[in-house]
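protein-v7.txt follows (compact mmCIF, C-alpha atoms):
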```
# COMPACT_ATOMS: atom_id res chain seq x y z
CA MET A 1 0.39 -0.62 31.48
CA LYS A 2 3.88 0.19 30.16
CA ILE A 3 5.79 -0.61 26.98
CA THR A 4 8.66 -2.97 27.83
CA GLN A 5 10.21 -4.08 24.53
CA LEU A 6 10.23 -3.58 20.76
CA THR A 7 11.46 -6.53 18.64
CA THR A 8 11.84 -6.56 14.86
CA TRP A 9 12.25 -9.38 12.36
CA LEU A 10 13.37 -9.15 8.72
CA VAL A 11 11.31 -11.84 6.99
CA PRO A 12 11.02 -13.02 3.38
CA PRO A 13 10.08 -12.00 0.81
CA ARG A 14 10.86 -8.32 1.64
CA TRP A 15 9.08 -7.39 4.85
CA LEU A 16 9.89 -6.17 8.36
CA PHE A 17 7.66 -7.17 11.27
CA LEU A 18 7.56 -5.48 14.68
CA LYS A 19 6.25 -6.73 18.02
CA ILE A 20 5.69 -4.32 20.90
CA GLU A 21 5.34 -5.93 24.33
CA THR A 22 3.91 -4.54 27.56
CA ASP A 23 4.14 -5.38 31.25
CA ALA A 24 0.45 -6.35 31.14
CA GLY A 25 1.15 -9.29 28.84
CA ILE A 26 -0.55 -7.63 25.86
CA SER A 27 1.51 -7.32 22.70
CA GLY A 28 0.87 -5.69 19.35
CA TRP A 29 2.18 -6.21 15.82
CA GLY A 30 3.18 -3.72 13.14
CA GLU A 31 4.82 -3.74 9.73
CA PRO A 32 7.32 -0.86 9.51
CA VAL A 33 9.03 -1.28 6.15
CA LEU A 34 10.15 0.63 3.09
CA GLU A 35 10.79 -1.77 0.23
CA GLY A 36 14.52 -2.02 -0.43
CA LYS A 37 15.35 -0.12 2.77
CA ALA A 38 14.02 -2.55 5.38
CA ALA A 39 17.21 -2.60 7.46
CA THR A 40 17.32 1.20 7.46
CA VAL A 41 13.76 1.35 8.79
CA GLN A 42 14.68 -1.33 11.33
CA ALA A 43 17.41 1.00 12.65
CA ALA A 44 14.93 3.88 12.81
CA VAL A 45 12.52 1.77 14.87
CA ASP A 46 15.34 0.97 17.27
CA GLU A 47 16.10 4.69 17.67
CA LEU A 48 12.43 5.56 18.23
CA ALA A 49 12.22 2.89 20.93
CA ASP A 50 14.06 5.32 23.22
CA VAL A 51 10.97 7.53 23.49
CA LEU A 52 8.56 4.61 23.94
CA ILE A 53 10.03 2.21 26.51
CA GLY A 54 8.32 2.72 29.87
CA LYS A 55 5.43 4.71 28.38
CA ASP A 56 1.70 3.96 28.37
CA PRO A 57 0.94 2.33 24.98
CA LEU A 58 -2.64 3.62 24.96
CA ARG A 59 -1.58 7.25 24.41
CA ILE A 60 -1.22 6.69 20.68
CA GLU A 61 -1.78 10.26 19.47
CA ASP A 62 0.80 11.62 21.90
CA HIS A 63 3.35 8.98 20.92
CA TRP A 64 2.76 9.78 17.24
CA GLN A 65 3.35 13.47 17.83
CA VAL A 66 6.50 12.83 19.87
CA MET A 67 7.94 10.48 17.24
CA TYR A 68 7.17 12.97 14.47
CA ARG A 69 7.83 16.32 16.16
CA GLY A 70 10.37 15.21 18.76
CA GLY A 71 13.20 15.22 16.22
CA PHE A 72 14.41 18.31 14.39
CA TYR A 73 14.25 16.47 11.04
CA ARG A 74 10.95 14.91 10.12
CA GLY A 75 9.01 13.24 7.33
CA GLY A 76 10.32 11.13 4.48
CA GLY A 77 10.02 7.45 3.68
CA VAL A 78 12.29 5.98 6.35
CA LEU A 79 11.09 7.87 9.42
CA MET A 80 7.43 7.75 8.45
CA SER A 81 7.62 4.01 7.76
CA ALA A 82 9.16 3.42 11.19
CA ILE A 83 6.41 5.52 12.80
CA ALA A 84 3.81 3.65 10.72
CA GLY A 85 4.72 0.20 12.01
CA ILE A 86 4.95 1.39 15.60
CA ASP A 87 1.57 3.09 15.27
CA GLN A 88 -0.01 -0.12 13.91
CA ALA A 89 1.36 -2.12 16.84
CA LEU A 90 0.11 0.43 19.38
CA TRP A 91 -3.38 0.32 17.88
CA ASP A 92 -3.22 -3.48 17.99
CA ILE A 93 -2.40 -3.31 21.71
CA LYS A 94 -5.19 -0.82 22.34
CA GLY A 95 -7.76 -2.97 20.56
CA LYS A 96 -6.69 -6.06 22.50
CA HIS A 97 -6.78 -4.09 25.76
CA TYR A 98 -10.41 -3.12 25.16
CA GLY A 99 -11.35 -6.38 23.46
CA ALA A 100 -12.45 -4.61 20.28
CA PRO A 101 -11.31 -4.29 16.67
CA ILE A 102 -9.52 -1.05 15.90
CA HIS A 103 -12.37 0.22 13.74
CA GLU A 104 -14.69 0.12 16.76
CA LEU A 105 -12.31 2.48 18.56
CA MET A 106 -12.33 4.83 15.55
CA GLY A 107 -16.08 5.36 15.39
CA GLY A 108 -17.21 1.99 14.11
CA ARG A 109 -17.26 0.58 10.61
CA CYS A 110 -19.32 1.99 7.76
CA ARG A 111 -18.91 -1.17 5.65
CA ASP A 112 -18.68 -4.90 6.32
CA ARG A 113 -16.36 -5.76 3.43
CA ILE A 114 -14.35 -4.05 0.72
CA ARG A 115 -13.52 -4.88 -2.86
CA VAL A 116 -9.96 -6.07 -3.56
CA TYR A 117 -7.88 -6.38 -6.71
CA SER A 118 -5.21 -8.82 -7.80
CA TRP A 119 -1.87 -7.96 -9.41
CA ILE A 120 -1.06 -9.59 -12.75
CA GLY A 121 1.75 -9.51 -15.29
CA GLY A 122 4.88 -8.74 -13.27
CA ASP A 123 7.33 -5.85 -13.63
CA ARG A 124 7.63 -6.40 -17.37
CA PRO A 125 4.00 -7.12 -18.17
CA ALA A 126 3.47 -10.32 -20.14
CA ASP A 127 0.74 -12.94 -20.61
CA VAL A 128 -1.72 -10.54 -19.05
CA ALA A 129 -4.82 -11.93 -20.78
CA GLU A 130 -4.26 -15.40 -19.34
CA ALA A 131 -3.39 -13.96 -15.94
CA ALA A 132 -6.55 -11.85 -15.97
CA LYS A 133 -8.65 -14.91 -16.83
CA ASP A 134 -7.02 -16.78 -13.95
CA ALA A 135 -7.80 -13.91 -11.55
CA ALA A 136 -11.41 -13.88 -12.72
CA GLU A 137 -11.67 -17.63 -12.17
CA ARG A 138 -10.41 -17.10 -8.61
CA GLY A 139 -13.26 -14.66 -8.00
CA PHE A 140 -11.55 -11.32 -8.46
CA THR A 141 -13.53 -8.66 -10.28
CA ALA A 142 -10.63 -6.21 -10.63
CA ILE A 143 -6.97 -6.54 -11.53
CA LYS A 144 -4.00 -4.18 -11.70
CA MET A 145 -1.09 -4.41 -14.10
CA ASN A 146 2.01 -2.44 -14.93
CA GLY A 147 1.26 -0.48 -18.07
CA THR A 148 4.71 -0.41 -19.59
CA GLU A 149 8.30 -1.45 -19.31
CA GLU A 150 10.84 1.37 -19.15
CA LEU A 151 10.06 4.42 -21.30
CA GLN A 152 12.35 7.22 -22.39
CA ILE A 153 11.07 10.75 -21.80
CA VAL A 154 10.01 10.59 -25.44
CA ASP A 155 9.79 7.06 -26.81
CA SER A 156 8.58 5.13 -29.82
CA SER A 157 5.06 4.51 -31.07
CA ALA A 158 5.85 0.78 -30.83
CA LYS A 159 6.03 1.11 -27.04
CA ILE A 160 2.60 2.76 -27.06
CA ASP A 161 1.22 -0.01 -29.28
CA ASP A 162 2.60 -2.67 -26.91
CA ALA A 163 0.96 -1.09 -23.87
CA VAL A 164 -2.38 -0.63 -25.60
CA GLY A 165 -2.24 -4.14 -27.04
CA ARG A 166 -1.91 -5.74 -23.63
CA VAL A 167 -4.99 -3.96 -22.29
CA ALA A 168 -6.89 -4.75 -25.48
CA ALA A 169 -6.04 -8.44 -25.05
CA ILE A 170 -7.67 -8.46 -21.60
CA ARG A 171 -10.78 -6.74 -22.93
CA ASP A 172 -10.93 -9.22 -25.82
CA ALA A 173 -10.64 -12.14 -23.40
CA LEU A 174 -13.03 -10.95 -20.70
CA GLY A 175 -15.01 -8.03 -22.06
CA GLY A 176 -16.39 -5.93 -19.26
CA ARG A 177 -16.38 -8.76 -16.72
CA ILE A 178 -13.28 -7.43 -15.01
CA ASP A 179 -12.05 -3.92 -14.19
CA ILE A 180 -8.49 -3.05 -15.18
CA ALA A 181 -6.32 -0.65 -13.21
CA ILE A 182 -3.14 0.38 -15.04
CA ASP A 183 -0.03 1.36 -13.08
CA PHE A 184 2.45 3.60 -14.93
CA HIS A 185 4.71 3.11 -11.87
CA GLY A 186 6.37 6.49 -12.34
CA ARG A 187 8.11 5.05 -15.43
CA VAL A 188 6.36 7.47 -17.75
CA HIS A 189 7.23 11.13 -18.27
CA LYS A 190 4.76 13.84 -19.23
CA PRO A 191 5.25 13.71 -23.04
CA MET A 192 4.47 9.99 -23.18
CA ALA A 193 1.86 10.06 -20.42
CA LYS A 194 -0.38 12.32 -22.47
CA VAL A 195 -0.27 9.94 -25.42
CA LEU A 196 -0.68 6.75 -23.37
CA ILE A 197 -3.68 8.02 -21.43
CA ARG A 198 -5.42 9.14 -24.62
CA GLU A 199 -4.84 5.76 -26.27
CA LEU A 200 -5.98 3.79 -23.20
CA GLU A 201 -9.16 5.75 -22.51
CA PRO A 202 -11.34 3.69 -24.90
CA PHE A 203 -10.71 0.60 -22.73
CA ARG A 204 -12.21 2.40 -19.72
CA PRO A 205 -9.57 1.65 -17.08
CA LEU A 206 -10.69 1.59 -13.46
CA PHE A 207 -7.89 4.08 -12.86
CA ILE A 208 -4.42 5.01 -14.07
CA GLU A 209 -1.85 5.02 -11.27
CA GLU A 210 1.18 7.30 -11.06
CA PRO A 211 0.94 8.54 -14.66
CA VAL A 212 3.97 10.63 -13.71
CA LEU A 213 5.99 10.76 -10.50
CA SER A 214 4.20 12.44 -7.61
CA GLU A 215 6.81 15.22 -7.38
CA HIS A 216 5.45 16.54 -10.69
CA LEU A 217 2.37 18.00 -9.03
CA ASP A 218 1.69 20.44 -11.88
CA HIS A 219 1.79 17.65 -14.46
CA LEU A 220 -0.48 15.44 -12.34
CA ARG A 221 -2.96 18.31 -12.09
CA ASP A 222 -2.92 18.91 -15.84
CA LEU A 223 -3.23 15.20 -16.69
CA SER A 224 -6.06 14.78 -14.22
CA ARG A 225 -7.96 17.70 -15.72
CA ALA A 226 -7.42 16.48 -19.28
CA SER A 227 -8.15 12.79 -18.70
CA HIS A 228 -11.50 11.04 -18.66
CA VAL A 229 -9.92 8.21 -16.64
CA PRO A 230 -9.58 8.56 -12.84
CA ILE A 231 -5.99 9.39 -11.87
CA ALA A 232 -4.52 7.72 -8.76
CA THR A 233 -1.33 8.49 -6.86
CA GLY A 234 0.10 8.70 -3.36
CA GLU A 235 2.21 5.65 -2.52
CA ARG A 236 5.33 7.88 -2.45
CA LEU A 237 3.74 10.53 -0.24
CA PHE A 238 4.29 10.12 3.48
CA SER A 239 2.18 12.56 5.49
CA ARG A 240 -0.93 14.70 5.44
CA TRP A 241 1.31 17.64 4.53
CA ASP A 242 2.48 15.79 1.42
CA PHE A 243 -1.14 15.11 0.44
CA LYS A 244 -2.27 18.64 1.27
CA ALA A 245 -0.94 20.20 -1.94
CA LEU A 246 -2.09 17.28 -4.07
CA LEU A 247 -5.65 17.67 -2.85
CA ALA A 248 -5.65 21.46 -3.01
CA GLU A 249 -4.46 21.35 -6.63
CA GLY A 250 -7.08 18.80 -7.65
CA ALA A 251 -4.24 16.66 -8.99
CA ALA A 252 -5.78 13.23 -8.36
CA ASP A 253 -9.14 11.49 -8.23
CA ILE A 254 -7.92 8.63 -6.02
CA ILE A 255 -5.29 8.74 -3.28
CA GLN A 256 -3.20 5.71 -2.32
CA PRO A 257 -1.45 6.29 1.01
CA ASP A 258 0.47 3.26 2.27
CA LEU A 259 -0.27 2.39 5.89
CA SER A 260 3.28 1.06 6.33
CA HIS A 261 4.86 4.20 4.83
CA ALA A 262 2.61 7.15 5.63
CA GLY A 263 2.57 7.24 9.41
CA GLY A 264 0.33 4.24 10.05
CA ILE A 265 -3.32 4.07 11.05
CA THR A 266 -3.31 7.41 12.88
CA GLU A 267 -1.96 9.43 9.96
CA CYS A 268 -3.71 7.61 7.12
CA LYS A 269 -7.10 8.04 8.76
CA LYS A 270 -6.43 11.80 8.80
CA ILE A 271 -5.30 11.74 5.18
CA ALA A 272 -8.43 9.83 4.16
CA THR A 273 -10.66 12.32 5.95
CA MET A 274 -8.91 15.22 4.21
CA ALA A 275 -9.51 13.51 0.87
CA GLU A 276 -13.19 13.00 1.61
CA ALA A 277 -13.59 16.77 1.95
CA TYR A 278 -12.29 17.10 -1.63
CA ASP A 279 -14.54 14.26 -2.92
CA VAL A 280 -11.43 12.19 -3.63
CA ALA A 281 -11.53 8.40 -3.33
CA LEU A 282 -9.30 6.23 -1.11
CA ALA A 283 -7.55 3.04 -2.30
CA PRO A 284 -4.69 2.30 0.11
CA HIS A 285 -1.42 1.03 -1.36
CA CYS A 286 -0.48 -2.41 0.04
CA PRO A 287 1.83 -4.74 -1.91
CA LEU A 288 3.14 -5.88 1.49
CA GLY A 289 2.45 -8.41 4.23
CA PRO A 290 -0.49 -9.45 6.41
CA ILE A 291 -0.03 -6.84 9.14
CA ALA A 292 -0.04 -3.99 6.65
CA LEU A 293 -3.15 -5.42 4.99
CA ALA A 294 -4.95 -5.80 8.33
CA ALA A 295 -4.14 -2.17 9.15
CA CYS A 296 -5.50 -1.06 5.78
CA LEU A 297 -8.74 -2.93 6.32
CA GLN A 298 -9.28 -1.34 9.72
CA VAL A 299 -9.00 2.12 8.14
CA ASP A 300 -11.06 1.12 5.09
CA ALA A 301 -13.82 0.06 7.45
CA THR A 302 -14.18 3.60 8.80
CA CYS A 303 -13.75 5.68 5.62
CA HIS A 304 -16.74 6.36 3.41
CA ASN A 305 -14.51 7.25 0.45
CA ALA A 306 -12.60 3.93 0.50
CA PHE A 307 -13.67 1.84 -2.50
CA ILE A 308 -11.03 -0.81 -3.22
CA GLN A 309 -8.03 -2.36 -1.45
CA GLU A 310 -4.73 -3.54 -2.90
CA GLN A 311 -3.44 -6.85 -1.53
CA SER A 312 -0.37 -8.90 -2.33
CA LEU A 313 -1.59 -12.50 -2.57
CA GLY A 314 0.28 -13.97 -5.54
CA ILE A 315 2.08 -10.74 -6.43
CA HIS A 316 5.28 -11.20 -8.42
CA TYR A 317 7.47 -10.07 -5.50
CA ASN A 318 6.28 -12.91 -3.25
CA THR A 319 8.57 -15.64 -4.55
CA THR A 320 9.54 -17.23 -1.20
CA ASN A 321 6.64 -16.41 1.14
CA ASP A 322 3.16 -15.05 0.58
CA VAL A 323 0.79 -12.87 2.54
CA LEU A 324 -1.06 -15.71 4.29
CA ASP A 325 2.01 -17.68 5.38
CA TYR A 326 2.62 -15.78 8.62
CA LEU A 327 -0.95 -15.98 9.93
CA ALA A 328 -2.13 -18.48 12.53
CA ASP A 329 -5.53 -18.39 10.77
CA PRO A 330 -5.19 -17.57 7.05
CA GLY A 331 -8.98 -17.69 6.76
CA VAL A 332 -9.21 -14.20 8.21
CA PHE A 333 -8.46 -12.89 4.71
CA ALA A 334 -10.93 -15.11 2.86
CA TYR A 335 -11.64 -13.49 -0.52
CA GLU A 336 -15.15 -14.00 -1.88
CA ASP A 337 -16.79 -12.52 -4.98
CA GLY A 338 -13.97 -10.02 -5.29
CA PHE A 339 -14.34 -8.77 -1.72
CA VAL A 340 -12.68 -9.37 1.63
CA ARG A 341 -14.49 -9.02 4.94
CA ILE A 342 -13.25 -6.53 7.52
CA PRO A 343 -11.56 -8.49 10.36
CA ASP A 344 -13.58 -8.15 13.56
CA GLY A 345 -11.21 -9.72 16.10
CA PRO A 346 -9.54 -7.57 18.77
CA GLY A 347 -6.97 -5.05 17.57
CA LEU A 348 -5.88 -5.67 14.00
CA GLY A 349 -8.07 -8.78 13.95
CA ILE A 350 -5.26 -11.15 13.00
CA GLU A 351 -2.99 -13.54 14.90
CA ILE A 352 0.63 -13.72 13.80
CA ASN A 353 2.40 -17.09 13.95
CA GLU A 354 5.39 -15.85 15.93
CA ALA A 355 7.25 -19.14 15.80
CA TYR A 356 7.11 -19.11 12.01
CA VAL A 357 8.19 -15.46 11.94
CA ALA A 358 11.25 -16.32 14.03
CA GLU A 359 12.02 -19.29 11.78
CA ARG A 360 11.85 -17.28 8.55
CA ALA A 361 13.80 -14.40 10.10
CA GLN A 362 16.79 -16.73 10.22
CA GLU A 363 16.84 -16.49 6.44
CA GLY A 364 15.82 -12.82 6.37
CA HIS A 365 16.21 -10.91 3.12
CA ARG A 366 18.14 -8.19 1.39
CA TRP A 367 15.56 -7.30 -1.24
CA ARG A 368 16.46 -4.62 -3.75
CA ASN A 369 14.46 -3.38 -6.68
CA PRO A 370 16.14 -3.84 -10.07
CA VAL A 371 18.07 -1.03 -11.72
CA TRP A 372 16.97 -0.65 -15.32
CA ARG A 373 18.71 1.14 -18.16
CA HIS A 374 17.53 2.43 -21.50
CA ALA A 375 19.06 1.27 -24.77
CA ASP A 376 21.39 4.30 -24.69
CA GLY A 377 22.77 3.30 -21.27
CA SER A 378 20.99 5.96 -19.20
CA VAL A 379 19.19 4.94 -16.00
CA ALA A 380 15.49 4.23 -16.39
CA GLU A 381 12.72 4.60 -13.84
CA TRP A 382 11.73 1.23 -12.42
```
Written form, structure tokens:
Amino acid sequence: MKITQLTTWLVPPRWLFLKIETDAGISGWGEPVLEGKAATVQAAVDELADVLIGKDPLRIEDHWQVMYRGGFYRGGGVLMSAIAGIDQALWDIKGKHYGAPIHELMGGRCRDRIRVYSWIGGDRPADVAEAAKDAAERGFTAIKMNGTEELQIVDSSAKIDDAVGRVAAIRDALGGRIDIAIDFHGRVHKPMAKVLIRELEPFRPLFIEEPVLSEHLDHLRDLSRASHVPIATGERLFSRWDFKALLAEGAADIIQPDLSHAGGITECKKIATMAEAYDVALAPHCPLGPIALAACLQVDATCHNAFIQEQSLGIHYNTTNDVLDYLADPGVFAYEDGFVRIPDGPGLGIEINEAYVAERAQEGHRWRNPVWRHADGSVAEW
């Protein structure tokens, strides 16, 4: 069996899909995308195709090493996202070739389902109590929200009060019926992070995500040691070497590699196993499409330290299409009692509606994240 073609589609709301075809009639799907840089990743996939066409798709580890080590420059969001989507598609082909879900080829699953959470509140969090009640009514037992709008490196007590008030409103509305994860989104700098975490601790968050940007490893370590709330990070780390220092420093309690950014199934399984040795939990980042989610679930199935999965159904970015739209059978991601079952079909366990993909690719997208500014005119972290 040989790889014959790689085809990519830019599809709304902000995703890039990849199909890899073979001369045996088996094809696989991947989701190689970096939000806001989808076309750049698309170009990287096209360049990597040169080392894949004509090769045996089943030699996944070798292809991964060639794509990573075969160029003088390596790592980073664009290259690792391109590798990630290709890797997902190759695993999909391999599973279909053997008539087994990917998790069966990785040692078998250690769980039948995994807990999921729902996003609420948008980029500028508002009406979170009502949104949390709606999520609870839809069966979710955990939600995640942005903790703040933009914050200066040192900002006002009013901003702290606003952030705390939103979390308090959810607790007032639902008590302990729902777990609340709070994403600082890298918008918060160390001086304000210390204050915010202290003020939020009484509400017992499920975790606090990216309390500071991941490049501030020393601050993450110090915040993690000082906080009684689990600290999560990792969506902006792209390889096991990026996670190596984080784990060695004890700078996080939960890691969040993204299976469309951090080298795909092959690399994220290795990252998860590294984390398990440090007694660190796994909660893969996935505000993306159905292929990325299916890849996450295959890895979650095999990792004892996986405990919850992000998913994008109803997320504020999905204004034109949602995660289920591109599936031939949306029921594969049926959420029940706050959990989703691990897909057990061959490969990724999903079937993509290729005709609909081609139709929506005619519209495509040019998604960009907003650029925010502080009141003084300086650029703010989004």
Checklist entry - Which of these residues is nearest to Tyr356 in chain A, using only C-alpha atoms: A:Ala328, A:Val340, A:Ala84, A:Ala252? => result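 For Tyr356 in chain A, the nearest of the given residues is A:Ala328.
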Next on the checklist: My list of candidates is A:Asp161, A:Asp56, A:Glu235, A:Glu381. Which is closest to Asp23 in chain A when distances are computed with only C-alpha atoms?
Outcome noted: A:Asp56
Write out as lines of an AutoDock Vina configuration file an axis-aligned box for range 105-111 of chain A: all of its atoms listed in the file, 8 Å added on each side, centre and edge lengths in Å with one decimal.
```
center_x = -15.8
center_y = 2.1
center_z = 12.1
size_x = 23.0
size_y = 22.5
size_z = 28.9
```
Item to check | Shell around Pro346 in chain A at 6 Å using all atoms listed in the file, local window under 5 positions removed, as a ChimeraX atom specification | outcome: /A:95-96,99-101
Checklist entry - So how many Å separate CA of Ala358 in chain A and CA of Leu10 in chain A, to one decimal? => result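 Answer for the CA of Ala358 in chain A to CA of Leu10 in chain A separation: 9.2 Å.
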Item to check | Shell around range 124-126 of chain A at 8 Å using only C-alpha atoms, local window under 2 positions removed, as a list in words | outcome: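 Once the nearby chain positions are removed, what remains is Ile120, Gly121, Gly122, Val128, Met145, Asn146, Gly147, Thr148, Glu149 and Arg166 of chain A.
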May I have the residues from that selection written out with C-alpha atoms, as an mmCIF file, in the frame of the given file?
```cif
data_model
loop_
_atom_site.group_PDB
_atom_site.id
_atom_site.type_symbol
_atom_site.label_atom_id
_atom_site.label_comp_id
_atom_site.auth_asym_id
_atom_site.auth_seq_id
_atom_site.Cartn_x
_atom_site.Cartn_y
_atom_site.Cartn_z
ATOM 1 C CA ILE A 120 -1.060 -9.590 -12.750
ATOM 2 C CA GLY A 121 1.750 -9.510 -15.290
ATOM 3 C CA GLY A 122 4.880 -8.740 -13.270
ATOM 4 C CA VAL A 128 -1.720 -10.540 -19.050
ATOM 5 C CA MET A 145 -1.090 -4.410 -14.100
ATOM 6 C CA ASN A 146 2.010 -2.440 -14.930
ATOM 7 C CA GLY A 147 1.260 -0.480 -18.070
ATOM 8 C CA THR A 148 4.710 -0.410 -19.590
ATOM 9 C CA GLU A 149 8.300 -1.450 -19.310
ATOM 10 C CA ARG A 166 -1.910 -5.740 -23.630
#
```
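Compared by their closest atoms to Leu196 in chain A, and using only C-alpha atoms, the residues A:Ser214, A:Asn369, A:Ser227, A:Ser239 rank with A:Ser227 nearest.
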Item to check | Tyr278 in chain A surroundings by only C-alpha atoms, 10 Å radius, close-in-sequence under 4 positions cut, as a PyMOL selection string | outcome: chain A and resi 247-248+250+253+273-274
Item to check | Computed interatomic separation between CA of Ala281 in chain A and CA of Ile102 in chain A (Å) | outcome: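 Atom-to-atom, CA of Ala281 in chain A and CA of Ile102 in chain A are spaced 21.5 Å apart.
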Checklist entry - Do you have the CA of Thr141 in chain A-CA of Gly175 in chain A distance handy? => result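 Separation between CA of Thr141 in chain A and CA of Gly175 in chain A: 11.9 Å.
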Checklist entry - So which residues touch range 178-182 of chain A within 10 Å, counting all atoms listed in the file, skipping near sequence neighbours fewer than 6 positions away, as a VMD selection string? => result chain A and resid 117 to 119 132 to 133 135 to 136 140 to 148 163 167 170 to 171 197 200 203 to 211 230 to 232
Checklist entry - So which one's closest to Lys55 in chain A, A:Thr22, A:Thr7, A:Gln362, A:Gln42? Using only C-alpha atoms, please. => result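 When distances to Lys55 in chain A are compared using only C-alpha atoms, the smallest one comes from A:Thr22.
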Checklist entry - Skipping near chain neighbours, those fewer than 3 positions away, what residues fall within 12 Å of range 347-349 of chain A using all atoms listed in the file, listed as a ChimeraX atom specification? => result /A:26-31,87-106,265,290-299,301,327-333,341-344,352
Next on the checklist: Given all atoms listed in the file as the basis, pick out the residue of A:Val66, A:Leu288, A:Leu282, A:Val41 nearest to Ala306 in chain A.
Outcome noted: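 Of A:Val66, A:Leu288, A:Leu282, A:Val41, the one nearest Ala306 in chain A, counting all atoms listed in the file, is A:Leu282.
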Next on the checklist: Counting only C-alpha atoms, which residues have an atom no more than 6 Å from (8.7, -6.8, 16.0) in the file's coordinates? Please list them as a list of chain:residue names.
Outcome noted: A:Leu6, A:Thr7, A:Thr8, A:Trp9, A:Phe17, A:Leu18, A:Lys19
